[in-house]
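As provided, structure31.cif (mmCIF, C-alpha atoms) reads as follows.
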```cif
data_work
loop_
_atom_site.label_atom_id
_atom_site.label_comp_id
_atom_site.auth_asym_id
_atom_site.auth_seq_id
_atom_site.Cartn_x
_atom_site.Cartn_y
_atom_site.Cartn_z
CA MET I 1 31.36 89.28 234.94
CA SER I 2 29.47 89.09 231.67
CA GLU I 3 25.99 90.33 230.82
CA VAL I 4 25.00 86.71 230.50
CA ALA I 5 25.56 86.22 234.19
CA THR I 6 23.19 88.99 235.23
CA ARG I 7 20.66 88.76 232.45
CA ARG I 8 17.97 87.34 234.69
CA SER I 9 17.79 88.74 238.14
CA SER I 10 14.14 87.97 238.88
CA GLY I 11 12.43 84.62 238.98
CA TYR I 12 12.98 81.50 241.00
CA LEU I 13 16.53 80.74 240.02
CA ASP I 14 19.00 82.22 242.48
CA ARG I 15 21.56 83.88 240.24
CA PRO I 16 24.17 85.64 242.38
CA GLN I 17 26.00 88.37 240.47
CA SER I 18 29.22 87.85 242.32
CA SER I 19 30.30 84.74 244.08
CA SER I 20 30.24 84.75 247.85
CA LEU I 21 33.30 83.65 249.75
CA ALA I 22 31.49 80.39 250.42
CA ASP I 23 30.97 79.87 246.68
CA VAL I 24 34.55 80.72 245.91
CA VAL I 25 35.90 78.40 248.58
CA ASN I 26 33.56 75.65 247.59
CA ILE I 27 34.03 75.91 243.86
CA ILE I 28 37.67 76.77 243.36
CA LEU I 29 39.78 76.00 246.38
CA ASP I 30 40.77 72.44 245.63
CA LYS I 31 40.21 72.63 241.89
CA GLY I 32 42.46 73.33 238.98
CA LEU I 33 45.72 72.20 237.54
CA VAL I 34 48.30 71.07 240.08
CA ILE I 35 51.82 71.88 239.02
CA ASP I 36 53.96 69.74 241.26
CA ALA I 37 57.20 71.63 241.09
CA PHE I 38 55.61 74.82 242.31
CA VAL I 39 55.49 76.09 245.84
CA ARG I 40 51.99 75.93 247.19
CA VAL I 41 51.13 78.34 249.92
CA SER I 42 48.72 77.56 252.67
CA VAL I 43 45.52 79.45 252.83
CA VAL I 44 45.42 81.47 255.97
CA GLY I 45 42.10 80.99 257.64
CA ILE I 46 40.62 79.05 254.76
CA GLU I 47 41.70 75.51 255.48
CA LEU I 48 39.59 75.35 258.59
CA ILE I 49 36.67 76.83 256.72
CA THR I 50 36.68 74.12 254.08
CA ILE I 51 37.04 71.39 256.63
CA ASP I 52 34.01 72.73 258.47
CA ALA I 53 32.02 73.13 255.28
CA ARG I 54 32.68 69.57 254.20
CA ILE I 55 31.99 67.70 257.37
CA VAL I 56 29.43 65.10 256.51
CA ILE I 57 26.68 65.71 258.95
CA ALA I 58 25.26 62.45 260.22
CA SER I 59 25.37 62.64 263.93
CA VAL I 60 23.18 62.60 266.97
CA ASP I 61 23.10 66.40 266.85
CA THR I 62 21.71 66.25 263.34
CA TYR I 63 19.07 63.73 264.31
CA LEU I 64 18.01 65.83 267.27
CA ARG I 65 17.91 68.95 265.13
CA PHE I 66 15.65 67.31 262.57
CA ALA I 67 13.49 65.76 265.25
CA GLU I 68 13.07 69.20 266.79
CA ALA I 69 12.39 70.82 263.39
CA THR I 70 9.81 68.17 262.58
CA ASN I 71 8.13 68.77 265.90
CA ARG I 72 8.06 72.49 265.27
CA LEU I 73 6.13 72.07 262.00
CA ASP I 74 2.73 73.56 262.51
CA LEU I 75 0.59 71.01 260.70
CA GLU I 76 -2.50 71.29 262.93
CA GLN I 77 -3.15 74.84 261.89
CA THR I 78 -3.77 73.66 258.36
CA GLY I 79 -6.63 71.38 259.41
CA GLY I 80 -7.71 68.75 256.90
CA ARG I 81 -6.32 70.37 253.79
CA GLU I 82 -4.57 68.54 251.02
CA LEU I 83 -0.84 68.02 251.14
CA PRO I 84 0.21 70.20 248.18
CA GLU I 85 -1.71 73.13 249.60
CA LEU I 86 -0.17 72.49 252.95
CA ILE I 87 3.32 72.45 251.52
CA ASP I 88 2.68 75.72 249.69
CA ASP I 89 1.73 77.31 252.95
CA LEU I 90 4.68 75.88 254.77
CA SER I 91 7.23 76.93 252.24
CA GLU I 92 5.70 80.37 251.95
CA SER I 93 5.55 80.99 255.63
CA GLY I 94 8.86 79.30 256.00
CA SER I 95 10.61 81.20 253.25
CA LYS I 96 11.69 84.14 255.38
CA GLY I 97 12.93 81.90 258.11
CA LYS I 98 14.48 79.73 255.45
CA THR I 99 16.52 82.53 254.00
CA LYS I 100 17.80 83.39 257.41
CA GLY I 101 18.49 79.74 258.03
CA MET I 102 20.56 79.43 254.89
CA VAL I 103 22.53 82.57 255.63
CA SER I 104 23.33 81.54 259.14
CA GLY I 105 24.03 78.05 257.89
CA ALA I 106 26.61 79.34 255.46
CA LYS I 107 28.06 81.56 258.13
CA GLU I 108 28.17 78.65 260.47
CA ALA I 109 30.14 76.72 257.90
CA LEU I 110 32.47 79.63 257.36
CA THR I 111 33.07 80.49 260.93
CA GLY I 112 32.97 77.11 262.56
CA GLY I 113 29.59 77.84 264.10
CA LYS I 114 30.64 80.82 266.14
CA ASP I 115 27.77 83.23 265.98
CA ASP I 116 29.71 86.24 267.13
CA GLU I 117 32.01 86.31 264.10
CA GLY I 118 30.01 89.00 262.34
CA ASP I 119 27.17 88.94 259.91
CA ASP I 120 28.78 89.69 256.63
CA ASP I 121 31.77 88.44 254.75
CA LYS I 122 33.74 91.61 255.25
CA ARG I 123 33.44 91.58 258.98
CA SER I 124 34.33 87.96 259.35
CA GLN I 125 37.12 88.41 256.85
CA ARG I 126 38.59 91.24 258.84
CA SER I 127 38.46 89.29 262.03
CA ARG I 128 39.98 86.31 260.32
CA ARG I 129 42.74 88.41 258.88
CA ARG I 130 43.33 89.93 262.26
CA SER I 131 43.61 86.55 263.86
CA SER I 132 45.93 85.27 261.16
CA ARG I 133 48.17 88.26 261.67
CA GLN I 134 48.26 87.57 265.32
CA GLU I 135 49.21 83.99 264.64
CA ALA I 136 51.83 85.00 262.15
CA SER I 137 53.54 87.48 264.43
CA MET P 1 46.52 75.65 259.31
CA THR P 2 50.00 76.71 258.35
CA VAL P 3 51.01 80.28 258.77
CA ARG P 4 54.40 81.07 257.36
CA THR P 5 56.40 83.95 258.70
CA GLU P 6 59.40 85.79 257.31
CA GLU P 7 61.44 82.58 257.48
CA GLY P 8 59.19 81.03 254.81
CA PRO P 9 60.29 80.55 251.22
CA ALA P 10 61.56 83.79 249.78
CA VAL P 11 59.14 84.82 247.11
CA GLY P 12 60.00 88.47 247.01
CA ALA P 13 59.95 90.71 244.02
CA HIS P 14 60.98 87.92 241.64
CA GLY P 15 58.00 85.73 242.54
CA LEU P 16 55.17 85.16 240.14
CA TYR P 17 51.71 84.19 241.19
CA LEU P 18 50.21 81.83 238.65
CA TYR P 19 46.50 81.89 237.74
CA GLY P 20 46.27 79.71 234.70
CA LEU P 21 47.55 78.67 231.31
CA VAL P 22 46.34 79.94 227.96
CA LEU P 23 47.25 79.14 224.37
CA GLY P 24 50.14 81.13 222.91
CA ASP P 25 47.98 83.38 220.76
CA ALA P 26 45.49 84.23 223.52
CA ARG P 27 44.91 87.85 224.47
CA LEU P 28 43.97 88.83 228.00
CA PRO P 29 41.47 91.52 228.90
CA SER P 30 43.39 94.74 229.49
CA GLY P 31 43.72 96.48 232.83
CA LEU P 32 43.16 93.37 234.92
CA ALA P 33 44.42 93.62 238.52
CA GLY P 34 45.44 90.49 240.37
CA ILE P 35 46.35 89.54 243.92
CA GLY P 36 47.49 92.55 245.90
CA GLY P 37 46.43 94.80 243.03
CA ALA P 38 49.39 93.77 240.82
CA PRO P 39 48.71 93.96 237.08
CA VAL P 40 47.94 90.63 235.43
CA ARG P 41 50.08 89.74 232.40
CA THR P 42 51.32 86.65 230.60
CA GLU P 43 54.74 85.03 230.57
CA PRO P 44 55.87 82.80 227.70
CA LEU P 45 55.82 79.10 228.47
CA GLY P 46 56.85 77.25 225.33
CA ARG P 47 53.82 77.08 223.10
CA LEU P 48 51.61 78.26 225.95
CA ARG P 49 51.50 81.41 228.01
CA ALA P 50 51.16 81.54 231.78
CA VAL P 51 48.74 84.08 233.24
CA VAL P 52 50.62 85.67 236.14
CA SER P 53 51.06 88.71 238.31
CA ASP P 54 53.95 89.65 240.58
CA ALA P 55 53.40 87.99 243.94
CA PRO P 56 53.14 90.42 246.84
CA ALA P 57 56.69 91.13 248.03
CA ASP P 58 55.78 91.90 251.63
CA ARG P 59 53.46 89.06 252.61
CA GLU P 60 52.41 85.51 251.94
CA VAL P 61 49.53 84.75 249.63
CA GLY P 62 46.60 83.05 251.26
CA LEU P 63 44.06 85.52 252.60
CA PRO P 64 40.39 85.03 251.77
CA ASP P 65 40.66 88.14 249.57
CA ASP P 66 43.42 86.40 247.64
CA VAL P 67 41.16 83.45 246.93
CA ARG P 68 38.54 85.86 245.65
CA ASP P 69 41.11 87.69 243.51
CA HIS P 70 42.32 84.38 242.07
CA ALA P 71 38.77 83.51 241.08
CA ARG P 72 38.00 87.02 239.83
CA VAL P 73 41.05 87.09 237.55
CA LEU P 74 40.34 83.63 236.15
CA ASP P 75 36.69 84.40 235.58
CA ALA P 76 37.54 87.65 233.78
CA VAL P 77 40.04 85.80 231.60
CA ALA P 78 37.60 82.94 230.99
CA ASP P 79 35.05 85.48 229.88
CA VAL P 80 37.09 86.22 226.76
CA VAL P 81 39.50 83.35 226.23
CA THR P 82 39.84 79.67 227.15
CA VAL P 83 42.00 79.25 230.22
CA LEU P 84 43.22 76.23 232.15
CA PRO P 85 42.94 77.27 235.80
CA VAL P 86 45.88 76.48 238.03
CA ARG P 87 45.12 75.59 241.63
CA PHE P 88 45.00 78.47 244.08
CA GLY P 89 48.28 79.28 245.78
CA THR P 90 50.74 78.34 243.04
CA LEU P 91 53.91 80.42 242.97
CA ALA P 92 56.87 80.30 240.61
CA THR P 93 59.65 82.43 239.31
CA ALA P 94 60.22 83.20 235.65
CA ALA P 95 63.17 80.77 235.82
CA THR P 96 61.25 77.83 237.31
CA LEU P 97 58.20 78.24 235.11
CA GLU P 98 59.67 76.36 232.13
CA GLU P 99 61.09 73.66 234.40
CA ALA P 100 57.79 73.11 236.14
CA VAL P 101 55.87 72.64 232.93
CA PRO P 102 58.13 70.63 230.60
CA ALA P 103 57.45 70.45 226.89
CA ASP P 104 55.49 67.17 226.95
CA ARG P 105 53.15 68.56 229.56
CA GLN P 106 52.80 71.76 227.57
CA ASP P 107 51.55 69.63 224.69
CA ARG P 108 49.00 67.97 226.94
CA HIS P 109 47.83 71.28 228.37
CA ALA P 110 47.55 72.73 224.88
CA ALA P 111 45.39 69.78 223.89
CA ASP P 112 43.26 70.28 227.00
CA LEU P 113 42.86 73.95 226.19
CA ARG P 114 41.70 73.13 222.69
CA ALA P 115 39.22 70.62 224.11
CA LEU P 116 37.86 73.31 226.45
CA GLU P 117 37.69 75.87 223.63
CA GLY P 118 34.45 77.83 223.68
CA ALA P 119 33.26 76.39 226.98
CA VAL P 120 32.78 77.85 230.45
CA GLN P 121 31.87 76.33 233.78
CA LEU P 122 28.64 76.98 235.63
CA THR P 123 27.87 75.40 238.96
CA VAL P 124 24.30 74.58 239.87
CA SER P 125 23.33 73.67 243.40
CA ALA P 126 19.93 72.77 244.78
CA ARG P 127 18.83 72.62 248.40
CA TYR P 128 15.66 71.32 249.93
CA ARG P 129 13.30 73.61 251.75
CA GLU P 130 13.51 71.58 254.90
CA GLU P 131 10.01 72.43 256.15
CA ALA P 132 8.41 71.28 252.91
CA VAL P 133 10.22 67.96 252.83
CA MET P 134 9.54 67.35 256.52
CA ALA P 135 5.85 68.03 255.91
CA GLU P 136 5.92 65.45 253.12
CA LEU P 137 7.57 62.94 255.43
CA VAL P 138 5.07 63.52 258.25
CA ALA P 139 2.23 63.06 255.77
CA GLU P 140 3.65 59.95 254.11
CA ASP P 141 5.45 58.02 256.83
CA ASP P 142 3.37 56.48 259.60
CA GLU P 143 6.29 55.97 261.96
CA ILE P 144 7.49 59.56 261.57
CA ARG P 145 4.01 60.83 262.22
CA HIS P 146 3.63 58.55 265.22
CA LEU P 147 7.02 59.52 266.71
CA ARG P 148 6.26 63.16 266.16
CA GLU P 149 3.06 62.81 268.11
CA ARG P 150 4.87 60.88 270.85
CA THR P 151 7.67 63.41 271.31
CA ARG P 152 6.03 66.73 270.56
CA GLY P 153 5.86 68.92 273.63
CA ARG P 154 7.16 66.10 275.85
CA ASP P 155 10.16 66.11 278.11
CA GLU P 156 13.28 65.91 275.97
CA LEU P 157 15.19 63.53 278.20
CA ALA P 158 12.26 61.17 278.66
CA THR P 159 11.76 60.95 274.89
CA TYR P 160 15.45 61.07 273.92
CA GLY P 161 15.49 57.67 272.21
CA GLU P 162 12.33 58.42 270.28
CA ARG P 163 13.69 61.79 269.21
CA ILE P 164 16.86 60.18 267.89
CA ARG P 165 14.74 57.64 266.02
CA LEU P 166 12.54 60.40 264.62
CA GLY P 167 15.54 62.45 263.50
CA LYS P 168 17.14 59.37 261.92
CA LEU P 169 13.99 58.61 259.96
CA VAL P 170 13.68 62.22 258.80
CA VAL P 171 17.32 62.33 257.70
CA ALA P 172 16.80 58.95 255.97
CA GLY P 173 13.74 60.46 254.28
CA PHE P 174 15.89 63.26 252.85
CA ASP P 175 18.48 60.69 251.77
CA ALA P 176 15.82 58.58 250.06
CA ARG P 177 14.49 61.55 248.10
CA ARG P 178 17.87 62.88 247.03
CA PRO P 179 18.77 60.52 244.14
CA ALA P 180 15.57 61.14 242.18
CA ASP P 181 15.64 64.89 242.83
CA ALA P 182 19.33 65.10 241.92
CA GLN P 183 18.54 63.18 238.75
CA ARG P 184 15.85 65.71 237.93
CA ILE P 185 18.42 68.54 238.11
CA ALA P 186 20.92 66.54 236.03
CA GLY P 187 18.20 65.72 233.50
CA ALA P 188 17.16 69.34 233.15
CA VAL P 189 20.70 70.51 232.36
CA ALA P 190 21.81 67.49 230.30
CA PRO P 191 20.85 68.87 226.86
CA PHE P 192 23.06 71.94 227.39
CA VAL P 193 26.23 70.55 228.93
CA ARG P 194 29.38 69.09 227.40
CA ALA P 195 30.38 67.46 230.69
CA THR P 196 29.24 67.27 234.30
CA ALA P 197 31.19 66.81 237.51
CA ALA P 198 29.08 66.06 240.57
CA HIS P 199 30.34 67.46 243.85
CA GLU P 200 29.80 65.45 246.97
CA VAL P 201 26.87 66.80 248.95
CA THR P 202 27.47 67.15 252.66
CA ARG P 203 24.33 68.51 254.26
CA THR P 204 21.06 66.76 254.79
CA SER P 205 19.26 69.55 252.96
CA ASP P 206 21.56 69.42 249.92
CA VAL P 207 19.98 67.97 246.82
CA ALA P 208 22.89 68.18 244.40
CA GLU P 209 25.79 70.31 243.33
CA LEU P 210 26.93 69.91 239.75
CA ALA P 211 29.78 71.60 237.94
CA LEU P 212 28.74 71.96 234.30
CA LEU P 213 30.95 72.48 231.29
CA VAL P 214 28.82 74.52 228.91
CA SER P 215 29.47 75.94 225.46
CA ARG P 216 29.16 79.72 225.56
CA GLU P 217 26.30 79.68 223.06
CA ASP P 218 24.33 77.32 225.31
CA VAL P 219 24.60 79.35 228.52
CA ALA P 220 21.38 81.28 227.93
CA ALA P 221 19.42 78.12 227.12
CA LEU P 222 20.81 76.45 230.24
CA GLU P 223 19.70 79.43 232.33
CA ASP P 224 16.22 79.24 230.81
CA ALA P 225 15.99 75.53 231.53
CA LEU P 226 17.08 76.04 235.13
CA GLU P 227 14.72 78.96 235.59
CA THR P 228 11.87 76.73 234.46
CA LEU P 229 13.02 73.92 236.73
CA ALA P 230 13.46 76.27 239.69
CA ALA P 231 9.88 77.49 239.25
CA GLN P 232 8.59 73.91 239.05
CA VAL P 233 10.33 72.78 242.22
CA ALA P 234 10.07 76.07 244.13
CA ASP P 235 7.71 74.61 246.73
CA ARG P 236 10.37 72.20 247.97
CA MET P 237 13.77 73.30 246.66
CA THR P 238 15.88 76.37 245.99
CA VAL P 239 18.12 76.30 242.93
CA ARG P 240 21.22 78.42 242.59
CA LEU P 241 23.46 78.94 239.57
CA VAL P 242 26.96 80.42 239.80
CA GLY P 243 29.00 81.38 236.76
CA PRO P 244 30.09 81.54 234.00
CA GLN P 245 33.52 80.84 235.42
CA ALA P 246 36.78 79.29 234.32
CA ALA P 247 36.54 75.51 233.98
CA TYR P 248 37.86 74.73 237.46
CA ASP P 249 36.41 71.24 237.61
CA PHE P 250 37.54 70.27 234.15
CA ALA P 251 41.14 71.42 234.19
CA GLU P 252 42.68 67.99 234.51
CA GLU P 253 40.44 65.96 232.29
CA VAL P 254 38.20 66.33 229.26
#
```

Show me, as structure tokens, the structure contained in the file I just sent.
Amino acid sequence: MSEVATRRSSGYLDRPQSSSLADVVNIILDKGLVIDAFVRVSVVGIELITIDARIVIASVDTYLRFAEATNRLDLEQTGGRELPELIDDLSESGSKGKTKGMVSGAKEALTGGKDDEGDDDKRSQRSRRRSSRQEAS
Amino acid sequence: MTVRTEEGPAVGAHGLYLYGLVLGDARLPSGLAGIGGAPVRTEPLGRLRAVVSDAPADREVGLPDDVRDHARVLDAVADVVTVLPVRFGTLATAATLEEAVPADRQDRHAADLRALEGAVQLTVSARYREEAVMAELVAEDDEIRHLRERTRGRDELATYGERIRLGKLVVAGFDARRPADAQRIAGAVAPFVRATAAHEVTRTSDVAELALLVSREDVAALEDALETLAAQVADRMTVRLVGPQAAYDFAEEV
């Protein structure tokens, strides 16, 4: 895109140079002018993705996940230190795991939680395309 | 999921894939390739022009790559000229184009295009660093701290009810923090946006997702403001900014 988009690549703001499939699906798929008289095609393999990505998560599974995550927090290690310091430590030590968590979270949303779909967009795209071909034939 | 086969509507060589609408005097970037690699061009549409490419003759449109191509074309067009994005998956023929967008609607779209003149969309999203917020909750909420002590390292079945209660309180803690944190994001971008459309957030760790309509000359200032904000909140949130893009969220209003 433009130079503006890539002007700042360092720093705290996450500024992706090209949109991921998740971004594209999330930002554009149900947006834009609807022209009624036109044929709309279905999106092979995408409809399910968006449904998954938009499920409002408020379930027992979510509660158990957060209970487990809260229990996993290693607060004792930090002894009697002040909270801000503690949070710094946590987010620093947690940042690597966090990145992984976000990536797998996005993948989960894109693949309906199946971990064996492949790690990158291209792989999961290929498999999706393959499966849509199979369905179409 | 609908998968159409050869029996589906015949699009064929006469089909046009429609990306968006531009004003009649607008010029597209040259050499732009659309869905299936077909060259992107414009077709006259009364006082407007439709940004189109020939639809693939041998297959339906709807692969993930097609969604990406749709966005890529619109973003490239939006980079140089104001465009009203049409929803993904819209097909027409040269003959049906004028029928589908009658003159009175052309007038409205032309007015919308003029209202969007000089603006692009950027989408900012913020997510909590879950560990940081959970640490806050453990420190601040007696019941959470108590339940954590009661369930930690204990048999999962025996403490099932307490775990559910703990998880509920933690999720409620995220929910309670969200409005003020979302407001902080909205406040930081407010001086630089012409309009904002808030997307519904769906995950516990989501803070906010805002589509922003921004004048081109304000994009750099918006980025600076968000960079500053992202640094300030880095201990408990990640902030992400996508764009500039076509004004997807503002195509039907403004």

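With only C-alpha atoms as the atoms that count, the residue of P:Asp104, P:Glu130, P:Glu209, P:Asp65 with the shortest distance to Thr196 (chain P) is P:Glu209.
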
**Item:** Spatial neighbours of region 64-71 of chain I, max dist 8 Å, only C-alpha atoms, sep filter under 2 positions, as a list in words
**Value:** Val60, Asp61, Thr62, Leu73 and Asp74 of chain I; Glu131, Met134, Ala135, Val138, Arg148, Thr151, Arg152, Arg163, Ile164, Leu166, Gly167, Val170 and Val171 of chain P

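With distances restricted to all atoms listed in the file, P:Glu60 is the closest residue to chain I from P:Asp107, P:Glu60, P:Asp181, P:Asp218.
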
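Of note, CA of Val22 (chain P) and CA of Ala50 (chain P) are spaced 6.4 Å apart.
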
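All protein and nucleic acid residues in the vicinity of (12.5, 74.2, 247.5), that is within 10 Å when counting all atoms listed in the file, are Tyr12, Ser91, Ser95 and Lys98 of chain I; Ala126, Arg127, Tyr128, Arg129, Glu130, Glu131, Ala132, Val133, Ser205, Val207, Ala230, Ala231, Gln232, Val233, Ala234, Asp235, Arg236, Met237, Thr238 and Val239 of chain P.
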
**Item:** Straight-line distance linking CA of Pro179 (chain P) with CA of Ser20 (chain I), stated in Å to one decimal
**Value:** 27.1 Å

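Interatomic distance, CA of Val83 (chain P) to CA of Arg240 (chain P): 24.2 Å.
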
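Excluding Leu18 (chain P) and any residue on its chain fewer than 4 positions from it, the residues at most 10 Å away by all atoms listed in the file are Phe38 of chain I; Val40, Thr42, Glu43, Ala50, Val51, Val52, Ser53, Asp54, Ala55, His70, Pro85, Val86, Arg87, Phe88, Gly89, Thr90, Leu91, Ala92, Thr93 and Leu97 of chain P.
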
Kindly add N, CA and C atoms to the incomplete region 93-117 of chain P and provide the output as a short mmCIF file (atom, residue, chain, number, x, y, z; two decimals), in the frame of the given file.
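Below is the file that was written, result17.cif:
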```cif
data_model
loop_
_atom_site.label_atom_id
_atom_site.label_comp_id
_atom_site.auth_asym_id
_atom_site.auth_seq_id
_atom_site.Cartn_x
_atom_site.Cartn_y
_atom_site.Cartn_z
N THR P 93 58.87 81.31 239.81
CA THR P 93 59.65 82.43 239.31
C THR P 93 59.73 82.25 237.80
N ALA P 94 60.12 83.30 237.11
CA ALA P 94 60.22 83.20 235.65
C ALA P 94 61.16 82.05 235.28
N ALA P 95 62.19 81.82 236.12
CA ALA P 95 63.17 80.77 235.82
C ALA P 95 62.59 79.38 236.01
N THR P 96 61.75 79.18 237.03
CA THR P 96 61.25 77.83 237.31
C THR P 96 60.02 77.47 236.49
N LEU P 97 59.45 78.46 235.84
CA LEU P 97 58.20 78.24 235.11
C LEU P 97 58.38 77.17 234.02
N GLU P 98 59.43 77.31 233.22
CA GLU P 98 59.67 76.36 232.13
C GLU P 98 60.02 74.98 232.67
N GLU P 99 60.74 74.95 233.79
CA GLU P 99 61.09 73.66 234.40
C GLU P 99 59.84 72.94 234.89
N ALA P 100 58.96 73.71 235.48
CA ALA P 100 57.79 73.11 236.14
C ALA P 100 56.80 72.54 235.13
N VAL P 101 56.78 73.14 233.96
CA VAL P 101 55.87 72.64 232.93
C VAL P 101 56.70 72.26 231.71
N PRO P 102 57.27 71.05 231.72
CA PRO P 102 58.13 70.63 230.60
C PRO P 102 57.33 70.49 229.31
N ALA P 103 58.06 70.38 228.22
CA ALA P 103 57.45 70.45 226.89
C ALA P 103 56.33 69.43 226.69
N ASP P 104 56.52 68.18 227.20
CA ASP P 104 55.49 67.17 226.95
C ASP P 104 54.20 67.52 227.68
N ARG P 105 54.36 68.14 228.84
CA ARG P 105 53.15 68.56 229.56
C ARG P 105 52.52 69.78 228.89
N GLN P 106 53.36 70.63 228.32
CA GLN P 106 52.80 71.76 227.57
C GLN P 106 51.90 71.26 226.44
N ASP P 107 52.36 70.20 225.78
CA ASP P 107 51.55 69.63 224.69
C ASP P 107 50.21 69.16 225.22
N ARG P 108 50.25 68.48 226.37
CA ARG P 108 49.00 67.97 226.94
C ARG P 108 48.07 69.12 227.32
N HIS P 109 48.65 70.14 227.96
CA HIS P 109 47.83 71.28 228.37
C HIS P 109 47.25 72.01 227.16
N ALA P 110 48.04 72.08 226.10
CA ALA P 110 47.55 72.73 224.88
C ALA P 110 46.37 71.95 224.32
N ALA P 111 46.49 70.62 224.37
CA ALA P 111 45.39 69.78 223.89
C ALA P 111 44.15 69.97 224.77
N ASP P 112 44.38 70.04 226.08
CA ASP P 112 43.26 70.28 227.00
C ASP P 112 42.59 71.62 226.71
N LEU P 113 43.41 72.62 226.47
CA LEU P 113 42.86 73.95 226.19
C LEU P 113 42.02 73.94 224.92
N ARG P 114 42.49 73.20 223.93
CA ARG P 114 41.70 73.13 222.69
C ARG P 114 40.40 72.38 222.93
N ALA P 115 40.45 71.37 223.80
CA ALA P 115 39.22 70.62 224.11
C ALA P 115 38.21 71.49 224.87
N LEU P 116 38.73 72.43 225.67
CA LEU P 116 37.86 73.31 226.45
C LEU P 116 37.40 74.53 225.64
N GLU P 117 37.96 74.69 224.44
CA GLU P 117 37.69 75.87 223.63
C GLU P 117 36.19 76.17 223.56
#
```
